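See below for work_4.txt, which holds compact mmCIF, C-alpha atoms.
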# COMPACT_ATOMS: atom_id res chain seq x y z
CA MET E 58 110.72 136.64 -80.81
CA SER E 59 107.95 139.09 -79.94
CA GLN E 60 104.68 140.51 -80.92
CA ASN E 61 106.24 143.54 -82.52
CA ALA E 62 109.36 141.71 -83.63
CA GLY E 63 111.36 144.94 -83.58
CA CYS E 64 111.68 148.67 -83.84
CA PRO E 65 110.27 150.49 -86.87
CA TYR E 66 112.20 149.99 -90.09
CA ASN E 67 113.86 153.44 -90.15
CA LYS E 68 115.07 152.91 -86.58
CA THR E 69 116.45 149.53 -87.58
CA ILE E 70 118.42 151.10 -90.42
CA ARG E 71 119.90 153.66 -88.01
CA CYS E 72 120.71 150.77 -85.65
CA LEU E 73 122.60 149.00 -88.42
CA GLN E 74 124.48 152.17 -89.31
CA ASN E 75 125.44 152.78 -85.70
CA LEU E 76 126.88 149.29 -85.49
CA ASN E 77 129.02 149.76 -88.59
CA ILE E 78 132.17 147.89 -87.79
CA LYS E 79 134.36 149.99 -90.06
CA LYS E 80 133.53 153.14 -88.12
CA LEU E 81 133.94 151.48 -84.73
CA SER E 82 136.85 149.17 -85.55
CA PRO E 83 139.13 149.92 -82.53
CA PHE E 84 136.23 149.96 -80.07
CA TRP E 85 134.55 147.00 -81.73
CA PHE E 86 137.63 144.81 -81.57
CA LYS E 87 138.11 145.82 -77.96
CA LEU E 88 134.60 144.53 -77.21
CA THR E 89 134.89 141.32 -79.22
CA GLY E 90 138.45 140.52 -78.12
CA GLU E 91 141.84 140.38 -79.81
CA THR E 92 142.68 137.51 -82.14
CA SER E 93 145.70 136.66 -79.98
CA SER E 94 143.55 136.13 -76.87
CA PHE E 95 140.29 134.58 -78.14
CA THR E 96 139.39 131.86 -80.62
CA LEU E 97 137.39 132.66 -83.73
CA GLU E 98 134.36 130.89 -82.23
CA SER E 99 134.52 133.08 -79.09
CA ARG E 100 134.90 136.28 -81.12
CA ILE E 101 131.92 135.33 -83.27
CA PHE E 102 129.87 134.77 -80.13
CA HIS E 103 130.98 138.12 -78.66
CA SER E 104 129.99 139.90 -81.86
CA ILE E 105 126.59 138.22 -82.02
CA ALA E 106 125.94 138.76 -78.29
CA ILE E 107 126.66 142.48 -78.56
CA CYS E 108 124.28 142.81 -81.51
CA ALA E 109 121.57 140.83 -79.66
CA ILE E 110 121.96 143.01 -76.53
CA VAL E 111 121.76 146.24 -78.54
CA LEU E 112 118.72 145.06 -80.51
CA ALA E 113 117.01 143.94 -77.30
CA GLY E 114 117.64 147.42 -75.94
CA PHE E 115 115.59 148.84 -78.81
CA TYR E 116 112.89 146.16 -78.68
CA ILE E 117 112.04 146.38 -74.95
CA PRO E 118 110.90 150.05 -74.81
CA TYR E 119 109.19 149.81 -78.18
CA ASN E 120 107.18 146.75 -77.15
CA LEU E 121 106.23 148.36 -73.84
CA PHE E 122 105.14 151.49 -75.68
CA ALA E 123 103.00 149.33 -78.00
CA GLY E 124 101.48 147.51 -75.03
CA LEU E 125 103.09 144.18 -75.98
CA ASN E 126 104.24 143.12 -72.53
CA VAL E 127 105.00 139.49 -73.38
CA ALA E 128 107.22 140.62 -76.24
CA ALA E 129 109.05 143.06 -73.97
CA LEU E 130 109.61 140.35 -71.36
CA SER E 131 110.90 137.98 -74.05
CA CYS E 132 113.44 140.58 -75.21
CA LEU E 133 114.52 141.23 -71.63
CA ILE E 134 115.11 137.54 -70.89
CA ILE E 135 117.07 136.86 -74.08
CA GLY E 136 119.06 140.09 -73.79
CA SER E 137 119.93 139.32 -70.15
CA ILE E 138 121.08 135.78 -70.93
CA PHE E 139 123.23 137.00 -73.82
CA PHE E 140 124.72 139.72 -71.59
CA TYR E 141 125.55 137.19 -68.85
CA GLN E 142 127.15 134.76 -71.30
CA TYR E 143 129.05 137.53 -73.08
CA TYR E 144 130.38 139.12 -69.87
CA TYR E 145 131.81 135.90 -68.47
CA SER E 146 133.20 134.82 -71.84
CA ARG E 147 134.85 138.15 -72.70
CA TYR E 148 136.18 139.21 -69.31
CA TYR E 149 136.55 135.93 -67.40
CA ASP E 150 137.47 133.67 -70.31
CA LYS E 151 134.59 131.33 -69.45
CA LYS E 152 133.30 129.64 -72.58
CA HIS E 153 129.72 130.46 -73.49
CA ASN E 154 127.07 127.75 -73.11
CA ASN E 155 125.27 127.25 -76.42
CA ILE E 156 122.88 124.72 -74.81
CA ILE E 157 121.44 127.38 -72.47
CA LEU E 158 121.09 129.82 -75.36
CA GLY E 159 119.47 127.23 -77.60
CA LEU E 160 116.96 126.01 -75.02
CA THR E 161 116.14 129.59 -73.95
CA GLY E 162 115.31 130.41 -77.55
CA LEU E 163 113.03 127.39 -77.80
CA LEU E 164 111.17 128.36 -74.63
CA ILE E 165 110.85 132.07 -75.49
CA PHE E 166 109.73 131.45 -79.08
CA SER E 167 107.24 128.79 -77.98
CA VAL E 168 105.59 131.21 -75.53
CA ASN E 169 105.82 134.04 -78.06
CA TYR E 170 104.27 131.89 -80.76
CA PHE E 171 101.01 131.46 -78.85
CA ALA E 172 101.08 135.03 -77.46
CA ASN E 173 101.58 136.57 -80.89
CA SER E 174 98.92 135.21 -83.27
CA GLY E 175 100.51 131.77 -83.87
CA ILE E 176 100.95 130.96 -87.53
CA ASN E 177 99.57 134.39 -88.45
CA GLY E 178 102.16 136.22 -86.33
CA SER E 179 105.81 137.07 -86.92
CA THR E 180 107.47 134.42 -84.75
CA ASP E 181 107.95 132.04 -87.68
CA ILE E 182 110.02 134.70 -89.45
CA ILE E 183 112.48 135.01 -86.54
CA TRP E 184 113.03 131.28 -85.89
CA PRO E 185 115.45 130.70 -88.85
CA ALA E 186 117.64 133.66 -87.85
CA TYR E 187 117.92 132.46 -84.26
CA LEU E 188 118.73 128.93 -85.42
CA LEU E 189 121.48 130.38 -87.66
CA LEU E 190 122.80 132.21 -84.60
CA ILE E 191 122.91 128.90 -82.65
CA PHE E 192 124.78 127.29 -85.55
CA ALA E 193 127.33 130.14 -85.51
CA ILE E 194 128.12 129.85 -81.79
CA SER E 195 127.97 126.09 -81.30
CA PRO E 196 130.38 123.30 -82.30
CA TYR E 197 129.83 121.53 -85.61
CA LYS E 198 128.96 118.28 -83.84
CA HIS E 199 125.90 119.96 -82.26
CA HIS E 200 124.50 121.43 -85.48
CA LEU E 201 122.50 118.41 -86.60
CA THR E 202 121.05 118.01 -83.11
CA TRP E 203 119.91 121.64 -82.94
CA LEU E 204 118.47 121.41 -86.44
CA ALA E 205 116.40 118.36 -85.47
CA ILE E 206 115.24 119.91 -82.16
CA TYR E 207 114.15 123.20 -83.74
CA ILE E 208 112.34 121.51 -86.62
CA LEU E 209 110.60 119.16 -84.19
CA ALA E 210 109.58 122.05 -81.91
CA PHE E 211 108.36 124.04 -84.91
CA VAL E 212 106.19 121.14 -86.08
CA ILE E 213 104.82 120.43 -82.58
CA LEU E 214 103.82 124.07 -82.03
CA HIS E 215 101.93 124.18 -85.29
CA ILE E 216 100.22 120.86 -84.60
CA VAL E 217 99.16 122.09 -81.14
CA GLU E 218 97.78 125.27 -82.68
CA TYR E 219 95.94 123.26 -85.29
CA TYR E 220 94.15 121.11 -82.72
CA TYR E 221 93.86 123.77 -79.98
CA PRO E 222 93.41 127.12 -81.74
CA ALA E 223 91.96 128.64 -78.55
CA LEU E 224 95.49 128.70 -77.05
CA VAL E 225 96.57 131.36 -79.53
CA GLN E 226 96.16 135.01 -78.56
CA TYR E 227 95.68 137.83 -81.07
CA PRO E 228 97.00 141.08 -79.56
CA PHE E 229 96.28 143.12 -82.71
CA ARG E 230 93.62 143.28 -85.38
CA ALA E 231 94.05 141.80 -88.82
CA GLY E 232 95.04 144.31 -91.45
CA LYS E 233 97.02 147.29 -90.15
CA GLY E 234 98.16 145.62 -86.92
CA GLN E 235 99.24 142.46 -88.67
CA PHE E 236 100.94 144.49 -91.41
CA THR E 237 102.94 146.51 -88.84
CA ASP E 238 103.96 143.35 -86.98
CA ARG E 239 105.25 141.64 -90.12
CA VAL E 240 107.05 144.70 -91.51
CA THR E 241 108.84 145.46 -88.23
CA ALA E 242 109.69 141.78 -87.72
CA PHE E 243 111.51 141.36 -91.02
CA PRO E 244 114.62 143.48 -90.18
CA LEU E 245 115.53 141.33 -87.15
CA PRO E 246 116.46 138.12 -89.00
CA VAL E 247 118.01 140.16 -91.81
CA ILE E 248 120.24 142.08 -89.38
CA ALA E 249 121.14 138.88 -87.50
CA ILE E 250 122.09 137.11 -90.73
CA TYR E 251 124.02 140.19 -91.91
CA PHE E 252 126.17 140.35 -88.79
CA ILE E 253 126.75 136.61 -88.58
CA ILE E 254 127.77 136.17 -92.22
CA THR E 255 129.76 139.43 -92.35
CA PHE E 256 131.72 138.73 -89.20
CA ILE E 257 132.47 135.14 -90.17
CA LYS E 258 133.55 136.17 -93.67
CA ARG E 259 135.72 139.04 -92.44
CA SER E 260 137.30 136.88 -89.76
CA TYR E 261 137.95 134.14 -92.30
CA ASP E 262 139.45 136.58 -94.81
CA LYS E 263 141.59 138.18 -92.11
CA GLU E 264 142.95 134.88 -90.82
CA LYS E 265 143.42 133.60 -94.36
CA ALA E 266 145.45 136.73 -95.18
CA MET E 267 147.51 136.26 -92.01
CA VAL E 268 148.19 132.63 -92.90
CA GLU E 269 149.20 133.61 -96.45
CA LEU E 270 151.46 136.35 -95.07
CA LYS E 271 153.08 133.92 -92.64
CA ASN E 272 153.56 131.40 -95.45
CA LYS E 273 155.21 134.07 -97.59
CA GLU E 274 157.45 135.08 -94.69
CA ILE E 275 158.37 131.45 -94.05
CA THR E 276 159.10 130.92 -97.75
CA LEU E 277 161.18 134.11 -97.87
CA GLN E 278 163.08 133.21 -94.71
CA LYS E 279 163.65 129.72 -96.02
CA GLY E 280 165.03 131.11 -99.28
CA LEU E 281 167.26 133.59 -97.46
CA LEU E 282 168.48 130.88 -95.10
CA GLU E 283 169.27 128.53 -97.95
CA GLN E 284 171.07 131.31 -99.83
CA SER E 285 172.96 132.33 -96.68
CA ASN E 286 173.97 128.74 -95.96
CA ALA E 287 175.14 128.29 -99.55
CA GLU E 288 177.16 131.51 -99.41
CA LYS E 289 178.67 130.63 -96.05
CA SER E 290 179.57 127.11 -97.20
CA LYS E 291 181.31 128.43 -100.27
CA LEU E 292 182.90 131.19 -98.20
CA MET E 293 184.35 128.66 -95.76
CA SER E 294 185.65 126.64 -98.70
CA ILE E 295 187.38 129.69 -100.18
CA ILE E 296 188.80 130.83 -96.85
CA SER E 297 190.09 127.38 -95.94
CA HIS E 298 191.88 127.24 -99.30
CA ASP E 299 193.26 130.78 -99.09
CA MET E 300 194.52 130.34 -95.53
CA ARG E 301 196.33 127.16 -96.44
CA ALA E 302 198.05 128.73 -99.45
CA PRO E 303 200.49 131.06 -97.58
CA LEU E 304 201.31 128.32 -95.08
CA ILE E 305 202.16 125.97 -97.93
CA ASN E 306 204.27 128.70 -99.55
CA ILE E 307 206.13 129.28 -96.28
CA GLN E 308 206.66 125.53 -95.97
CA ASN E 309 208.02 125.36 -99.53
CA TYR E 310 210.28 128.35 -98.90
CA LEU E 311 211.73 126.74 -95.77
CA GLU E 312 212.34 123.50 -97.70
CA LEU E 313 214.18 125.49 -100.39
CA LEU E 314 216.34 127.12 -97.74
CA ASN E 315 217.06 123.74 -96.20
CA GLU E 316 217.89 121.94 -99.42
CA ASN E 317 219.32 124.70 -101.64
CA GLU E 318 221.35 127.82 -101.35
CA LEU E 319 219.51 130.91 -102.59
CA ASP E 320 221.17 134.14 -103.60
CA ASN E 321 220.04 137.44 -102.15
CA ASN E 322 217.90 138.42 -105.15
CA GLN E 323 216.00 135.11 -105.12
CA ARG E 324 215.44 135.35 -101.37
CA LEU E 325 214.24 138.95 -101.69
CA VAL E 326 211.65 138.06 -104.36
CA LEU E 327 210.37 135.05 -102.45
CA GLU E 328 210.19 136.89 -99.12
CA LYS E 329 208.35 139.82 -100.74
CA ASP E 330 205.74 137.47 -102.19
CA LEU E 331 205.42 135.61 -98.90
CA LEU E 332 205.02 138.86 -96.97
CA SER E 333 202.29 140.07 -99.32
CA ALA E 334 200.42 136.75 -99.10
CA THR E 335 200.78 136.68 -95.31
CA ASN E 336 199.50 140.24 -94.96
CA ASN E 337 196.45 139.45 -97.08
CA THR E 338 195.80 136.31 -95.07
CA MET E 339 196.11 138.18 -91.77
CA GLN E 340 193.60 140.77 -92.98
CA MET E 341 191.24 138.00 -94.09
CA LEU E 342 191.66 136.16 -90.79
CA SER E 343 191.00 139.34 -88.81
CA ASN E 344 187.79 140.04 -90.74
CA LEU E 345 186.73 136.42 -90.42
CA LEU E 346 187.14 136.52 -86.63
CA TYR E 347 185.14 139.76 -86.36
CA TRP E 348 182.44 138.39 -88.66
CA THR E 349 182.23 135.09 -86.73
CA LYS E 350 181.87 137.01 -83.48
CA SER E 351 179.09 139.15 -84.93
CA GLN E 352 177.28 136.00 -86.08
CA MET E 353 177.57 134.27 -82.70
CA GLU E 354 176.89 137.26 -80.45
CA ARG E 355 176.03 140.88 -81.00
CA PRO E 356 179.18 142.87 -80.21
CA THR E 357 178.85 145.48 -77.50
CA VAL E 358 178.79 149.03 -78.88
CA ASN E 359 180.61 151.49 -76.62
CA LEU E 360 179.65 154.91 -77.97
CA GLN E 361 181.57 157.90 -76.70
CA GLN E 362 182.74 161.30 -77.87
CA VAL E 363 186.19 160.95 -79.43
CA ASN E 364 188.55 163.09 -81.46
CA LEU E 365 188.38 161.68 -84.99
CA SER E 366 191.93 162.69 -85.94
CA LEU E 367 193.50 161.16 -82.83
CA VAL E 368 191.48 157.94 -83.07
CA LEU E 369 192.40 157.32 -86.72
CA LYS E 370 196.02 158.56 -86.76
CA SER E 371 197.69 155.25 -85.91
CA THR E 372 195.44 153.32 -88.30
CA LEU E 373 196.05 155.73 -91.18
CA ASP E 374 199.81 155.88 -90.57
CA MET E 375 199.97 152.06 -90.73
CA GLU E 376 197.90 152.03 -93.93
CA LYS E 377 200.09 154.75 -95.41
CA ALA E 378 203.14 152.54 -94.90
CA LEU E 379 201.38 149.69 -96.74
CA ALA E 380 200.43 152.05 -99.58
CA VAL E 381 204.03 153.24 -99.93
CA LYS E 382 205.22 149.65 -100.31
CA LYS E 383 202.87 149.29 -103.27
CA GLY E 384 203.92 152.61 -104.73
CA ILE E 385 200.66 154.40 -103.95
CA SER E 386 200.33 157.91 -102.54
CA LEU E 387 197.99 158.04 -99.53
CA ASN E 388 196.98 161.41 -98.15
CA TYR E 389 194.58 162.26 -95.36
CA ASP E 390 193.18 165.56 -94.19
CA ILE E 391 191.14 165.39 -90.97
CA ASP E 392 190.47 168.49 -88.91
CA ASP E 393 191.77 167.89 -85.38
CA LYS E 394 188.70 169.72 -84.01
CA ILE E 395 186.18 167.14 -85.26
CA ILE E 396 184.52 165.26 -82.41
CA VAL E 397 182.42 162.22 -83.31
CA VAL E 398 180.19 159.87 -81.30
CA ALA E 399 181.52 156.41 -82.06
CA ASP E 400 182.91 153.13 -80.84
CA THR E 401 186.67 153.50 -81.27
CA ASP E 402 187.45 149.88 -82.14
CA MET E 403 184.58 149.59 -84.61
CA LEU E 404 185.42 152.88 -86.30
CA GLN E 405 189.08 151.89 -86.70
CA LEU E 406 188.06 148.55 -88.20
CA VAL E 407 185.75 150.26 -90.69
CA VAL E 408 188.38 152.76 -91.82
CA ARG E 409 191.09 150.10 -91.96
CA ASN E 410 188.97 147.92 -94.24
CA LEU E 411 187.99 150.82 -96.52
CA VAL E 412 191.61 151.96 -96.91
CA ASN E 413 192.85 148.38 -97.40
CA ASN E 414 190.32 147.94 -100.21
CA ALA E 415 191.43 151.21 -101.79
CA ILE E 416 195.08 150.04 -101.68
CA LYS E 417 194.15 146.61 -103.03
CA PHE E 418 192.31 147.96 -106.07
CA THR E 419 194.60 150.89 -106.92
CA GLN E 420 197.49 150.50 -109.33
CA LYS E 421 201.08 151.45 -108.58
CA GLY E 422 201.41 155.22 -108.88
CA GLY E 423 197.79 155.80 -107.92
CA ASN E 424 196.37 158.12 -105.29
CA ILE E 425 194.16 157.60 -102.23
CA ASN E 426 192.64 160.55 -100.40
CA ILE E 427 190.91 160.52 -97.02
CA ASN E 428 189.05 163.53 -95.70
CA ALA E 429 186.33 164.41 -93.23
CA GLN E 430 183.80 167.21 -92.93
CA VAL E 431 180.98 167.99 -90.53
CA LEU E 432 177.55 168.35 -92.13
CA ALA E 433 174.36 169.07 -90.15
CA GLY E 434 175.22 167.18 -87.01
CA SER E 435 177.07 164.31 -88.67
CA CYS E 436 180.58 163.71 -89.93
CA LYS E 437 181.13 162.53 -93.49
CA LEU E 438 184.36 160.53 -93.76
CA THR E 439 185.38 159.80 -97.35
CA VAL E 440 187.95 157.35 -98.72
CA SER E 441 188.57 158.00 -102.44
CA ASP E 442 190.90 156.31 -104.92
CA ASN E 443 191.60 156.39 -108.65
CA GLY E 444 191.84 152.62 -108.93
CA LYS E 445 190.00 150.09 -111.06
CA GLY E 446 186.52 150.94 -109.74
CA ILE E 447 183.55 148.61 -109.39
CA ALA E 448 181.65 147.11 -112.33
CA ILE E 449 177.97 148.12 -112.44
CA ALA E 450 176.86 144.48 -112.27
CA GLU E 451 178.75 144.04 -108.98
CA GLN E 452 177.62 147.25 -107.26
CA GLU E 453 174.23 145.94 -106.12
CA ASN E 454 175.76 143.24 -103.90
CA ILE E 455 178.84 145.13 -102.79
CA PHE E 456 177.94 144.95 -99.07
CA ARG E 457 177.10 141.23 -99.09
CA ILE E 458 179.33 138.19 -98.72
CA THR E 459 181.02 137.75 -102.08
CA VAL E 460 181.11 134.06 -102.83
CA ASP E 461 183.25 134.68 -105.92
CA PRO E 462 186.72 135.90 -104.91
CA THR E 463 187.87 139.33 -106.06
CA PHE E 464 191.43 140.17 -107.03
CA GLY E 465 193.33 143.41 -106.53
CA THR E 466 195.78 145.01 -108.94
CA ASN E 467 198.59 142.77 -107.62
CA ASN E 468 196.33 139.71 -107.49
CA GLU E 469 195.49 140.30 -103.83
CA LYS E 470 192.60 138.00 -103.07
CA GLY E 471 189.48 138.88 -101.09
CA VAL E 472 186.01 137.50 -100.40
CA GLY E 473 184.05 140.65 -99.52
CA LEU E 474 183.87 140.23 -95.74
CA GLY E 475 185.46 143.62 -95.17
CA LEU E 476 182.74 145.75 -96.73
CA MET E 477 180.01 143.68 -95.10
CA LEU E 478 181.62 144.27 -91.70
CA CYS E 479 181.95 147.98 -92.47
CA LYS E 480 178.22 148.26 -93.13
CA GLU E 481 177.25 146.24 -90.05
CA TYR E 482 179.58 148.09 -87.67
CA ILE E 483 178.72 151.57 -88.93
CA GLU E 484 174.99 150.87 -88.66
CA ARG E 485 175.44 149.52 -85.12
CA GLN E 486 176.87 152.94 -84.24
CA GLY E 487 173.83 154.68 -85.70
CA GLY E 488 175.62 155.72 -88.89
CA SER E 489 175.39 154.80 -92.56
CA ILE E 490 177.69 153.90 -95.42
CA GLY E 491 177.54 154.46 -99.17
CA PHE E 492 179.73 154.65 -102.24
CA GLU E 493 180.15 156.05 -105.73
CA SER E 494 182.18 154.27 -108.36
CA ILE E 495 182.99 154.53 -112.05
CA PHE E 496 184.47 151.38 -113.50
CA GLY E 497 188.05 152.01 -114.62
CA ARG E 498 188.27 155.40 -112.91
CA GLY E 499 188.03 154.74 -109.20
CA SER E 500 185.71 154.65 -106.19
CA SER E 501 184.70 156.80 -103.23
CA PHE E 502 183.35 155.23 -100.05
CA PHE E 503 181.83 157.48 -97.43
CA VAL E 504 180.48 156.90 -93.96
CA PHE E 505 178.22 159.18 -91.94
CA ILE E 506 178.49 159.17 -88.17
CA ALA E 507 177.15 161.48 -85.46
CA ALA E 508 179.38 164.45 -84.67
CA LYS E 509 179.41 167.61 -82.56
CA PRO E 510 179.06 170.88 -84.49
CA LEU E 511 182.33 172.70 -85.04

This entry written out as structure tokens:
Amino acid sequence: MSQNAGCPYNKTIRCLQNLNIKKLSPFWFKLTGETSSFTLESRIFHSIAICAIVLAGFYIPYNLFAGLNVAALSCLIIGSIFFYQYYYSRYYDKKHNNIILGLTGLLIFSVNYFANSGINGSTDIIWPAYLLLIFAISPYKHHLTWLAIYILAFVILHIVEYYYPALVQYPFRAGKGQFTDRVTAFPLPVIAIYFIITFIKRSYDKEKAMVELKNKEITLQKGLLEQSNAEKSKLMSIISHDMRAPLINIQNYLELLNENELDNNQRLVLEKDLLSATNNTMQMLSNLLYWTKSQMERPTVNLQQVNLSLVLKSTLDMEKALAVKKGISLNYDIDDKIIVVADTDMLQLVVRNLVNNAIKFTQKGGNININAQVLAGSCKLTVSDNGKGIAIAEQENIFRITVDPTFGTNNEKGVGLGLMLCKEYIERQGGSIGFESIFGRGSSFFVFIAAKPL
């Protein structure tokens, strides 16, 4: 590029350190542009242009100080052109022109070659680095053309020097002057190559990692979607079967009444079984409708301060009647001063499902206890039973759709929609749900929801 070809070596090292991308990452990426807004080719050009501008800023005063005016002018021209191209590319989204940059380099290096000792100067050292820069910022289809042009220009300059040696100027003496020129010229191509290769490699690694991450996410989502579709398909199959069963039983019962006379005991047994099956089906249908709605549209959450005891009284009284029919003792103890922040309908659905599950999996003569307490700004509502409990192998997926039907102590059938809805609806209200269970000894489900201090 110039007669001096650069700042002294120690200054060049400090220059490299000051441009350390790791230290300037946020600022650096702001200058080069975000990956979402600029192509890799544009970001490479921005990076190279910034480095060229900074290096020119060091070269110009040093060359002037050394009395190398042609070298200083060369740095000024190249730095200015890079600044112009960078500014319009980065801030006006106008693609840089690699032809202007390539031809400017040819012109500047040709003049510099004869002004800086020709074949004995440092220009030949800088040519390869600048050609690498042109390769980095130009399309692949132009590479062979630039390679041929630069090689041809290189050969022509040396032939001209060979036949017309008087055209070459020698601004410094052989020995110390030549030594200084060569030593200070070496860091320029090294730094240029460092930044070009480093930026390209880092950009490639970064985009490769992003592609791999996206592929993993796509694979994971695909797996989850396939699993969800399989679960839903089997769920629909189970539900369609279970909803037909009580209707068929009712149909059979009506046919018996129409064709045969049944005594009171027979009618009582049949009607009791039909009522139990119908109740289970109604609960399943209710959960299915809520779940379908949540899948199709996110239900509106209407949070408000409500009295927990008043909100749950009707629900718990209804569940208590169901428990009595099964011979189960259901007790609840909720302080009438507890005020929670909740959606009334969602909270009632959650409690209804938890208590229904407790009734389903508790034997005749068992006990179910429901209590609430305020702890550090939240209310802990607990539903405990001494029923059959949950096997350890089943606990991990307790809040997911259960594709294998579960049976209560009286063969009540369920598919796990209730607990999944409980988790979804409690979390939509900003709360959480958990459980403890010992197989064969019972379970305790508890929900946490925001509450006013007592």

key: Pairwise distance for CA of Glu91 (chain E) and CA of Ile191 (chain E), rounded to one decimal in Å   =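 Answer for the CA of Glu91 (chain E) to CA of Ile191 (chain E) separation: 22.3 Å.
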
ask   = Separation of CA of Leu270 (chain E) and CA of Pro196 (chain E), in Å?
value =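 Going from CA of Leu270 (chain E) over to CA of Pro196 (chain E), I get 27.9 Å.
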
request  = Might you pull out every residue within 8 Å of region 158-173 of chain E, with all atoms listed in the file counted and same-chain residues fewer than 3 positions away left off, and present them as a ChimeraX atom specification?
outcome  = /E:58-60,127-128,131,135,138-139,154-155,176,178-181,184,187,191,203,207,210,214,218,224-228

request  = For each of E:Ile447, E:Leu432, E:Ala186, E:Ile157, take the minimum atom-to-atom distance to Ala508 (chain E), counting all atoms listed in the file, then give the residue where this is smallest.
outcome  = E:Leu432

task = Go through E:Val368, E:Asp442, E:Ile427, E:Ile156 one by one, measure the shortest atom-to-atom distance of each to Thr202 (chain E) using only C-alpha atoms, and give the residue with the smallest value.
result =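 When distances to Thr202 (chain E) are compared using only C-alpha atoms, the smallest one comes from E:Ile156.
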
message = To one decimal place in Å, what is the distance between CA of Thr372 (chain E) and CA of Val408 (chain E)?
response = 7.9 Å

E:Glu264, E:Phe503, E:Gly446, E:Asn364 ranked by distance to Ser93 (chain E), top pick (using all atoms listed in the file) =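 Smallest separation from Ser93 (chain E) among the options: E:Glu264.
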
request  = Considering all atoms listed in the file, return as a list of chain:residue names whatever protein or nucleic-acid residues lie within 9 Å of region 434-440 of chain E, sequence-local ones (same chain, fewer than 4 positions apart) excluded.
outcome  =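 Close residues of region 434-440 of chain E: E:Tyr389, E:Ile391, E:Ile395, E:Ile396, E:Val397, E:Val408, E:Leu411, E:Val412, E:Ala415, E:Ile425, E:Asn426, E:Ile427, E:Asn428, E:Ala429, E:Gln430, E:Gly488, E:Ser500, E:Ser501, E:Phe502, E:Phe503, E:Val504, E:Phe505, E:Ile506, E:Ala507, E:Ala508, E:Lys509, E:Pro510.
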